[in-house]
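So this block is input32.csv, CSV, C-alpha atoms:
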chain,number,residue,atom,x,y,z
Q,950,MET,CA,-10.2,-83.7,12.4
Q,951,GLU,CA,-12.3,-80.8,11.1
Q,952,THR,CA,-13.5,-77.5,12.5
Q,953,LYS,CA,-15.5,-74.5,11.6
Q,954,ALA,CA,-13.3,-71.4,11.1
Q,955,VAL,CA,-13.3,-67.9,9.7
Q,956,ILE,CA,-11.6,-68.0,6.4
Q,957,LEU,CA,-10.4,-65.1,4.2
Q,958,THR,CA,-10.0,-66.4,0.7
Q,959,ALA,CA,-9.2,-63.0,-0.8
Q,960,PRO,CA,-9.5,-59.4,0.3
Q,961,GLY,CA,-13.1,-58.7,1.4
Q,962,ALA,CA,-14.0,-62.4,0.8
Q,963,LEU,CA,-14.7,-63.7,4.3
Q,964,ALA,CA,-16.9,-66.6,5.5
Q,965,LEU,CA,-17.4,-69.2,8.1
Q,966,ASP,CA,-16.4,-72.6,6.6
Q,967,THR,CA,-15.1,-76.0,7.4
Q,968,VAL,CA,-11.3,-76.7,7.4
Q,969,GLY,CA,-9.2,-79.7,8.3
Q,970,ILE,CA,-6.8,-79.6,11.2
Q,971,ALA,CA,-3.7,-81.6,11.9
Q,972,PRO,CA,-3.7,-84.3,14.6
Q,973,PRO,CA,-2.1,-83.3,17.9
Q,974,ALA,CA,1.3,-84.4,19.0
Q,975,ALA,CA,2.4,-85.3,22.5
Q,976,ASP,CA,3.3,-81.6,23.3
Q,977,ASP,CA,0.1,-80.2,21.8
Q,978,ILE,CA,-3.3,-79.4,23.3
Q,979,VAL,CA,-6.7,-79.3,21.5
Q,980,VAL,CA,-8.7,-76.2,22.5
Q,981,SER,CA,-12.4,-75.6,22.1
Q,982,ILE,CA,-12.5,-71.9,21.5
Q,983,LYS,CA,-15.3,-70.0,23.4
Q,984,HIS,CA,-14.4,-66.4,22.4
Q,985,SER,CA,-12.2,-64.8,19.7
Q,986,GLY,CA,-11.5,-61.1,19.2
Q,987,ILE,CA,-11.2,-59.2,15.9
Q,988,SER,CA,-8.2,-57.0,15.5
Q,989,THR,CA,-8.9,-53.7,13.7
Q,990,GLY,CA,-5.2,-53.3,13.0
Q,991,THR,CA,-3.3,-56.0,11.2
Q,992,GLU,CA,-6.4,-58.2,10.5
Q,993,LYS,CA,-8.2,-55.3,8.9
Q,994,LEU,CA,-5.2,-54.9,6.5
Q,995,PHE,CA,-5.6,-58.5,5.3
Q,996,TRP,CA,-9.4,-57.9,4.9
Q,997,SER,CA,-8.8,-54.8,2.9
Q,998,GLY,CA,-5.9,-56.1,0.9
Q,999,ASP,CA,-3.6,-53.3,2.2
Q,1000,MET,CA,-1.2,-55.5,4.2
Q,1001,PRO,CA,2.4,-55.2,2.8
Q,1002,PRO,CA,4.3,-58.4,2.1
Q,1003,PHE,CA,4.8,-60.2,5.4
Q,1004,PRO,CA,6.4,-63.6,6.3
Q,1005,GLY,CA,3.9,-66.3,6.3
Q,1006,MET,CA,1.1,-64.4,4.7
Q,1007,GLY,CA,-1.2,-65.5,1.9
Q,1008,TYR,CA,-4.7,-66.5,1.1
Q,1009,PRO,CA,-6.7,-68.4,2.1
Q,1010,LEU,CA,-5.9,-67.6,5.7
Q,1011,ILE,CA,-7.6,-67.9,9.1
Q,1012,PRO,CA,-7.4,-64.7,11.0
Q,1013,GLY,CA,-7.4,-64.1,14.7
Q,1014,TYR,CA,-4.7,-63.9,17.4
Q,1015,GLU,CA,-7.0,-63.2,20.4
Q,1016,ALA,CA,-8.9,-66.2,21.6
Q,1017,ALA,CA,-9.8,-68.0,24.9
Q,1018,GLY,CA,-11.2,-71.5,25.4
Q,1019,GLU,CA,-11.1,-74.8,27.1
Q,1020,VAL,CA,-8.6,-77.6,26.8
Q,1021,VAL,CA,-10.5,-80.7,25.5
Q,1022,GLU,CA,-7.5,-82.9,24.8
Q,1023,ALA,CA,-4.0,-82.7,26.3
Q,1024,GLY,CA,-0.9,-84.5,25.0
Q,1025,ALA,CA,1.1,-86.5,27.4
Q,1026,ASP,CA,4.0,-84.0,27.3
Q,1027,SER,CA,1.8,-80.8,27.3
Q,1028,GLY,CA,1.7,-80.2,31.0
Q,1029,TYR,CA,-2.0,-79.3,30.7
Q,1030,ARG,CA,-5.2,-81.1,31.8
Q,1031,VAL,CA,-8.6,-81.4,30.1
Q,1032,GLY,CA,-10.9,-78.7,31.4
Q,1033,GLU,CA,-8.3,-75.9,32.0
Q,1034,HIS,CA,-9.1,-72.5,30.4
Q,1035,VAL,CA,-6.4,-70.9,28.3
Q,1036,PHE,CA,-5.6,-67.8,26.2
Q,1037,VAL,CA,-4.5,-68.8,22.7
Q,1038,PRO,CA,-2.5,-66.3,20.6
Q,1039,GLY,CA,-3.2,-68.2,17.3
Q,1040,ALA,CA,-2.5,-71.5,15.6
Q,1041,SER,CA,-1.0,-72.9,12.4
Q,1042,CYS,CA,-2.7,-76.3,12.5
Q,1043,TYR,CA,-4.9,-76.0,9.4
Q,1044,GLU,CA,-4.9,-77.9,6.2
Q,1045,GLY,CA,-5.1,-75.9,3.1
Q,1046,ALA,CA,-5.1,-72.5,4.8
Q,1047,HIS,CA,-2.5,-70.2,6.2
Q,1048,GLY,CA,-2.4,-70.0,10.0
Q,1049,LEU,CA,-0.4,-66.8,10.2
Q,1050,PHE,CA,-2.8,-65.9,13.0
Q,1051,GLY,CA,-5.3,-68.7,13.1
Q,1052,ALA,CA,-7.3,-68.2,16.3
Q,1053,ALA,CA,-10.7,-67.5,14.8
Q,1054,SER,CA,-11.7,-71.1,14.9
Q,1055,GLN,CA,-14.1,-73.3,16.8
Q,1056,MET,CA,-11.4,-75.9,17.5
Q,1057,LEU,CA,-7.7,-75.7,17.1
Q,1058,VAL,CA,-4.5,-77.6,17.9
Q,1059,THR,CA,-1.5,-75.7,19.3
Q,1060,LYS,CA,1.8,-76.3,21.1
Q,1061,ALA,CA,1.1,-76.1,24.8
Q,1062,ALA,CA,4.1,-73.8,25.3
Q,1063,ARG,CA,2.2,-71.1,23.3
Q,1064,VAL,CA,-0.8,-70.7,25.5
Q,1065,THR,CA,-1.4,-69.1,28.9
Q,1066,ARG,CA,-3.6,-70.5,31.7
Q,1067,ILE,CA,-6.4,-68.0,32.6
Q,1068,ASP,CA,-9.3,-67.8,35.0
Q,1069,ARG,CA,-12.5,-69.1,33.3
Q,1070,GLY,CA,-14.3,-66.2,35.0
Q,1071,LEU,CA,-12.7,-63.7,32.7
Q,1072,GLY,CA,-15.1,-64.9,30.0
Q,1073,ALA,CA,-14.9,-63.0,26.7
Q,1074,ALA,CA,-12.4,-60.5,28.2
Q,1075,GLY,CA,-9.8,-63.3,28.3
Q,1076,ALA,CA,-9.4,-62.9,24.6
Q,1077,LEU,CA,-8.1,-59.3,25.1
Q,1078,LEU,CA,-5.0,-60.4,26.9
Q,1079,ALA,CA,-2.8,-60.2,23.9
Q,1080,LEU,CA,-3.7,-56.6,23.1
Q,1081,ALA,CA,-3.2,-55.6,26.8
Q,1082,ALA,CA,0.2,-57.4,26.8
Q,1083,THR,CA,1.2,-55.6,23.6
Q,1084,ALA,CA,0.3,-52.2,25.3
Q,1085,ARG,CA,2.4,-53.3,28.3
Q,1086,HIS,CA,5.3,-54.2,26.0
Q,1087,ALA,CA,5.4,-50.7,24.6
Q,1088,MET,CA,5.7,-49.2,28.0
Q,1089,ALA,CA,7.6,-51.6,30.3
Q,1090,GLY,CA,11.3,-52.4,30.4
Q,1091,PRO,CA,14.7,-50.7,30.4
Q,1092,ASN,CA,15.0,-47.3,28.9
Q,1093,LYS,CA,11.3,-46.9,28.3
Q,1094,ALA,CA,9.1,-44.0,29.6
Q,1095,VAL,CA,5.4,-44.2,30.1
Q,1096,PRO,CA,3.3,-41.9,27.8
Q,1097,ASP,CA,2.3,-38.4,28.7
Q,1098,LEU,CA,0.5,-38.0,25.4
Q,1099,ILE,CA,-1.4,-40.9,23.6
Q,1100,ILE,CA,-2.7,-40.5,20.1
Q,1101,GLY,CA,-6.0,-42.3,19.6
Q,1102,HIS,CA,-8.7,-43.4,22.1
Q,1103,GLY,CA,-9.4,-46.9,20.6
Q,1104,VAL,CA,-8.7,-50.1,22.6
Q,1105,LEU,CA,-4.9,-49.8,22.4
Q,1106,GLY,CA,-5.0,-46.1,23.4
Q,1107,ARG,CA,-7.3,-46.9,26.4
Q,1108,LEU,CA,-5.1,-49.7,27.5
Q,1109,LEU,CA,-2.0,-47.5,27.3
Q,1110,ALA,CA,-3.7,-44.9,29.5
Q,1111,ARG,CA,-5.0,-47.5,32.0
Q,1112,LEU,CA,-1.5,-49.1,32.3
Q,1113,THR,CA,0.1,-45.6,32.8
Q,1114,ILE,CA,-2.3,-44.9,35.7
Q,1115,ALA,CA,-1.8,-48.4,37.1
Q,1116,ALA,CA,1.9,-47.8,37.2
Q,1117,GLY,CA,1.4,-44.8,39.4
Q,1118,ALA,CA,2.5,-42.3,36.8
Q,1119,PRO,CA,0.8,-39.0,36.1
Q,1120,ALA,CA,-2.4,-39.3,34.0
Q,1121,PRO,CA,-1.6,-38.9,30.3
Q,1122,THR,CA,-3.5,-36.7,27.8
Q,1123,VAL,CA,-5.2,-38.6,25.0
Q,1124,TRP,CA,-6.0,-37.1,21.6
Q,1125,GLU,CA,-9.1,-38.2,19.7
Q,1126,VAL,CA,-10.9,-36.6,16.8
Q,1127,ASP,CA,-13.8,-39.0,16.5
Q,1128,PRO,CA,-16.7,-37.8,18.7
Q,1129,THR,CA,-17.9,-41.4,19.2
Q,1130,ARG,CA,-14.6,-42.3,20.9
Q,1131,MET,CA,-14.2,-39.3,23.2
Q,1132,ALA,CA,-16.1,-40.9,26.1
Q,1133,GLY,CA,-14.9,-43.6,28.4
Q,1134,ALA,CA,-11.9,-42.0,30.0
Q,1135,ASP,CA,-11.3,-42.8,33.7
Q,1136,GLY,CA,-8.7,-40.8,35.5
Q,1137,TYR,CA,-7.3,-39.1,32.4
Q,1138,GLN,CA,-8.5,-36.4,29.9
Q,1139,VAL,CA,-9.4,-37.0,26.2
Q,1140,VAL,CA,-9.2,-33.9,24.0
Q,1141,THR,CA,-9.0,-33.0,20.3
Q,1142,PRO,CA,-5.5,-31.9,19.2
Q,1143,ASP,CA,-6.8,-28.4,18.5
Q,1144,ALA,CA,-7.8,-28.0,22.1
Q,1145,ASP,CA,-4.4,-28.9,23.4
Q,1146,GLU,CA,-1.8,-26.2,23.5
Q,1147,ARG,CA,1.1,-28.2,25.1
Q,1148,ARG,CA,4.4,-28.3,23.2
Q,1149,ASP,CA,6.5,-30.0,25.9
Q,1150,TYR,CA,5.5,-33.7,25.9
Q,1151,THR,CA,8.3,-36.1,26.9
Q,1152,SER,CA,6.9,-39.3,25.5
Q,1153,VAL,CA,4.2,-39.4,22.7
Q,1154,TYR,CA,2.7,-42.8,22.0
Q,1155,ASP,CA,0.8,-43.3,18.7
Q,1156,ALA,CA,-2.0,-45.9,18.9
Q,1157,SER,CA,-3.8,-44.6,15.8
Q,1158,GLY,CA,-1.6,-45.9,13.0
Q,1159,ARG,CA,-1.7,-42.4,11.5
Q,1160,GLY,CA,1.9,-42.1,10.4
Q,1161,ASP,CA,1.0,-39.2,8.1
Q,1162,LEU,CA,0.7,-37.0,11.3
Q,1163,LEU,CA,4.3,-37.6,12.4
Q,1164,ASN,CA,5.3,-33.9,11.9
Q,1165,GLU,CA,2.4,-32.8,14.1
Q,1166,TRP,CA,3.7,-35.0,17.0
Q,1167,ILE,CA,7.3,-33.8,16.5
Q,1168,GLY,CA,6.0,-30.3,17.1
Q,1169,ARG,CA,4.5,-31.3,20.4
Q,1170,ILE,CA,7.6,-32.9,22.1
Q,1171,THR,CA,10.1,-31.2,24.3
Q,1172,LYS,CA,13.8,-31.2,23.4
Q,1173,GLY,CA,15.0,-34.8,23.5
Q,1174,GLY,CA,11.4,-36.1,23.6
Q,1175,GLU,CA,10.4,-39.5,22.2
Q,1176,ILE,CA,7.8,-40.7,19.8
Q,1177,VAL,CA,6.8,-44.3,20.2
Q,1178,LEU,CA,5.2,-45.9,17.1
Q,1179,ALA,CA,2.9,-48.5,18.7
Q,1180,GLY,CA,0.6,-48.9,15.7
Q,1181,PHE,CA,1.1,-50.7,12.4
Q,1182,TYR,CA,2.0,-48.6,9.3
Q,1183,THR,CA,1.5,-49.7,5.7
Q,1184,ALA,CA,3.0,-46.6,4.0
Q,1185,PRO,CA,6.6,-45.5,4.4
Q,1186,LEU,CA,7.0,-43.0,7.3
Q,1187,GLN,CA,8.6,-39.6,6.6
Q,1188,PHE,CA,9.0,-36.4,8.4
Q,1189,ALA,CA,10.5,-32.9,8.0
Q,1190,PHE,CA,14.1,-33.1,9.3
Q,1191,PRO,CA,14.7,-29.5,10.6
Q,1192,PRO,CA,12.0,-29.6,13.3
Q,1193,ALA,CA,13.1,-33.0,14.4
Q,1194,PHE,CA,16.7,-31.8,14.4
Q,1195,MET,CA,15.9,-28.8,16.6
Q,1196,LYS,CA,14.0,-31.1,19.0
Q,1197,GLU,CA,16.7,-33.8,18.9
Q,1198,ALA,CA,13.7,-36.1,18.6
Q,1199,ARG,CA,13.9,-39.8,19.3
Q,1200,PHE,CA,11.8,-42.5,17.6
Q,1201,ARG,CA,11.1,-46.0,18.9
Q,1202,ILE,CA,9.1,-48.8,17.3
Q,1203,SER,CA,7.1,-51.2,19.6
Q,1204,ALA,CA,6.2,-54.7,18.3
Q,1205,GLU,CA,4.1,-57.5,19.8
Q,1206,TRP,CA,4.2,-58.7,23.4
Q,1207,ALA,CA,6.8,-61.0,24.9
Q,1208,PRO,CA,6.2,-63.8,27.4
Q,1209,ASP,CA,7.1,-61.6,30.4
Q,1210,ASP,CA,4.5,-59.1,29.2
Q,1211,MET,CA,1.8,-61.7,29.2
Q,1212,VAL,CA,2.7,-62.8,32.8
Q,1213,ALA,CA,2.6,-59.3,34.1
Q,1214,THR,CA,-0.5,-58.3,32.3
Q,1215,LYS,CA,-2.4,-61.4,33.4
Q,1216,ALA,CA,-1.5,-60.6,37.0
Q,1217,LEU,CA,-2.8,-57.0,36.6
Q,1218,VAL,CA,-6.1,-58.3,35.1
Q,1219,GLU,CA,-6.6,-61.1,37.7
Q,1220,ASP,CA,-6.0,-58.8,40.7
Q,1221,GLY,CA,-8.5,-56.2,39.3
Q,1222,THR,CA,-5.9,-53.5,38.6
Q,1223,LEU,CA,-6.6,-53.6,34.8
Q,1224,GLU,CA,-10.1,-53.8,33.5
Q,1225,LEU,CA,-10.7,-55.4,30.1
Q,1226,ALA,CA,-14.4,-56.4,30.0
Q,1227,ASP,CA,-15.7,-52.8,29.4
Q,1228,LEU,CA,-13.6,-52.5,26.2
Q,1229,ILE,CA,-15.9,-55.1,24.5
Q,1230,THR,CA,-18.6,-53.0,22.8
Q,1231,HIS,CA,-19.9,-55.7,20.4
Q,1232,GLN,CA,-20.5,-59.4,20.4
Q,1233,GLN,CA,-21.8,-61.7,17.7
Q,1234,PRO,CA,-22.2,-65.5,17.3
Q,1235,ALA,CA,-19.6,-67.0,15.0
Q,1236,ALA,CA,-22.3,-67.8,12.5
Q,1237,MET,CA,-22.5,-64.0,11.9
Q,1238,ALA,CA,-18.8,-63.7,11.3
Q,1239,LYS,CA,-19.0,-61.9,7.9
Q,1240,ALA,CA,-21.2,-59.1,9.4
Q,1241,ALA,CA,-19.2,-59.0,12.6
Q,1242,TYR,CA,-15.9,-58.4,10.8
Q,1243,GLU,CA,-17.5,-55.7,8.6
Q,1244,THR,CA,-18.8,-53.9,11.7
Q,1245,ALA,CA,-15.5,-54.2,13.5
Q,1246,PHE,CA,-13.6,-52.7,10.5
Q,1247,THR,CA,-16.1,-50.0,9.5
Q,1248,ASP,CA,-18.0,-48.8,12.6
Q,1249,PRO,CA,-15.9,-46.4,14.7
Q,1250,ALA,CA,-18.3,-47.0,17.6
Q,1251,CYS,CA,-17.0,-50.6,17.7
Q,1252,LEU,CA,-14.0,-50.7,20.0
Q,1253,LYS,CA,-13.7,-54.5,20.3
Q,1254,MET,CA,-15.8,-57.1,18.6
Q,1255,ILE,CA,-16.0,-60.6,20.1
Q,1256,LEU,CA,-17.1,-63.7,18.2
Q,1257,ASN,CA,-18.9,-66.3,20.4
Q,1258,TRP,CA,-18.2,-69.8,19.2
Q,1259,GLY,CA,-20.6,-71.7,21.5
Q,1260,SER,CA,-23.2,-72.4,18.8
Q,1261,ALA,CA,-20.9,-72.5,15.8

Show the structure stored in the file as structure tokens.
Amino acid sequence: METKAVILTAPGALALDTVGIAPPAADDIVVSIKHSGISTGTEKLFWSGDMPPFPGMGYPLIPGYEAAGEVVEAGADSGYRVGEHVFVPGASCYEGAHGLFGAASQMLVTKAARVTRIDRGLGAAGALLALAATARHAMAGPNKAVPDLIIGHGVLGRLLARLTIAAGAPAPTVWEVDPTRMAGADGYQVVTPDADERRDYTSVYDASGRGDLLNEWIGRITKGGEIVLAGFYTAPLQFAFPPAFMKEARFRISAEWAPDDMVATKALVEDGTLELADLITHQQPAAMAKAAYETAFTDPACLKMILNWGSA
């Protein structure tokens, strides 16, 4: 079996090419991908060459952990049927290419246990479920507080704000310095840091990846306040100890979503509580993958880029 896929052969060297895929087992499904999203976080680091050593990484690699498509073959032990629509968080089925992520492909093979059934009507927005579930993971669960300050009004920052409001909590403040990303708030306020005089935030969530601003955030929390690092940071994080000591600051790192986050997020999306479609600002056919990735990684007006695989 072969498929068209996005392949990174080295930093900055990205193209649509043909790659072999392993045959499916009894507990596998074969998925024809309709839409895949481009992550401007971890995927950008592979594209730029700035990703620190990470288990399973290497070139050539197939990026993508946000994809939605249709089951075209279902193994006898998979529990799926041909024609069902699923969200796919990636695949490692490729021959001669790393599948650390592996969802940016026209066709893929994956264990059925890894995918999630979704409503076909979600369309391209179905590919955003992983990012929404990751935002939910940062906020939900024991000993976690919803944000009252969010750093960054990109896709992750907007999802954190929307989930906070959906939870019935007070609307958070969102900081943003790029004028192209100031708009789009619904039920919460987006301001520049200079326009915000508060110094008593309880829970500050960073969705910007700007670890160099840690001292600024520490100065904005109340005593015993928490800073949640929800981005991905390539450089070592450091901060001035005396201000953090005086505030008795707490720090928490949030990683990727867990299965219960996906279940809860899917329910919020399907009942209309959480909107995803309007976060997609750009779409390109998969044949334009090189230009699409460059736009996603370099244009601040691009919140979420979707590759359409229908004509690949």

So that I can see what lies close to Thr1122 (chain Q), please list as JSON, numbers by chain the residues with an atom at most 7 Å from it, counting all atoms listed in the file and leaving out residues fewer than 2 positions away in the same chain. {"Q": [1097, 1098, 1099, 1120, 1124, 1137, 1138, 1139]}

Please, what distance in Å, to one decimal, runs between CA of Val1095 (chain Q) and CA of Pro1191 (chain Q)?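 Between these atoms lies a distance of 26.1 Å.
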
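By chain and then residue number, the residues within 9 Å of Gly1032 (chain Q) are Glu1019, Val1020, Val1021, Glu1022, Tyr1029, Arg1030 and His1034 of chain Q, counting all atoms listed in the file and disregarding those fewer than 2 positions away in sequence.
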
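With CA of Ile1167 (chain Q) on one side and CA of Ala1193 (chain Q) on the other, the separation reads 6.2 Å.
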
As a PDB file with C-alpha atoms, keeping the file's coordinate frame, please: the residues near region 955-970 of chain Q (cut-off 6 Å, all atoms listed in the file, same-chain neighbours under 6 positions excluded).
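Contents of part_19.pdb, freshly written:
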ATOM      1  CA  TRP Q 996      -9.400 -57.900   4.900  1.00  0.00           C
ATOM      2  CA  SER Q 997      -8.800 -54.800   2.900  1.00  0.00           C
ATOM      3  CA  GLY Q 998      -5.900 -56.100   0.900  1.00  0.00           C
ATOM      4  CA  TYR Q1008      -4.700 -66.500   1.100  1.00  0.00           C
ATOM      5  CA  PRO Q1009      -6.700 -68.400   2.100  1.00  0.00           C
ATOM      6  CA  LEU Q1010      -5.900 -67.600   5.700  1.00  0.00           C
ATOM      7  CA  ILE Q1011      -7.600 -67.900   9.100  1.00  0.00           C
ATOM      8  CA  CYS Q1042      -2.700 -76.300  12.500  1.00  0.00           C
ATOM      9  CA  TYR Q1043      -4.900 -76.000   9.400  1.00  0.00           C
ATOM     10  CA  GLU Q1044      -4.900 -77.900   6.200  1.00  0.00           C
ATOM     11  CA  ALA Q1053     -10.700 -67.500  14.800  1.00  0.00           C
ATOM     12  CA  LYS Q1239     -19.000 -61.900   7.900  1.00  0.00           C
TER      13      LYS Q1239
END

If you measure from CA of Met1000 (chain Q) to CA of Phe1246 (chain Q), what distance in Å do you get, rounded to one decimal? 14.2 Å

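The residue that comes closest to Ala1241 (chain Q), out of Q:Ile1255, Q:Ile1229, Q:Val1123, Q:Val1064 and on the basis of all atoms listed in the file, is Q:Ile1255.
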
Long-range neighbours of Val1212 (chain Q) as number ranges by chain, 12 Å cut-off, all atoms listed in the file, 5 positions minimum in chain: Q: 1036, 1064-1067, 1078-1079, 1081-1083, 1085-1086, 1206-1207, 1217-1219

Could you name the residues that touch region 1171-1188 of chain Q at 9 Å or less, counting only C-alpha atoms, but leaving out those on the same chain fewer than 3 positions away, as a PyMOL selection string? chain Q and resi 990-991+994+999-1001+1083-1084+1087+1094+1096+1105+1148-1164+1166-1168+1192-1193+1195-1204

Hey, which of Q:Ala1236, Q:Leu1223, Q:Met1131, Q:Leu1256 ends up closest to Gly986 (chain Q)? Count only C-alpha atoms. Q:Leu1256

Shortest contact to Phe1050 (chain Q), candidates Q:Thr1244, Q:Thr1222, Q:Ser985, Q:Thr1230, atoms counted all atoms listed in the file, goes to Q:Ser985

Could you check the closest approach to Ala1089 (chain Q) for each of Q:Ala1235, Q:Met1211, Q:Leu1057, Q:Val1035 and tell me which residue wins, using only C-alpha atoms?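 Of the candidates, the smallest distance to Ala1089 (chain Q) is held by Q:Met1211.
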
Closest of Q:Gly1070, Q:Gly1106, Q:Arg1111, Q:Ser981 to Val1037 (chain Q) - atom-to-atom distances counting all atoms listed in the file: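 Between Q:Gly1070, Q:Gly1106, Q:Arg1111, Q:Ser981, the residue approaching Val1037 (chain Q) most closely is Q:Ser981.
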
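The smallest atom-to-atom distance between Gly1090 (chain Q) and any of Q:Leu1228, Q:Asp1209, Q:Arg1169, Q:Glu1015, using all atoms listed in the file, is found for Q:Asp1209.
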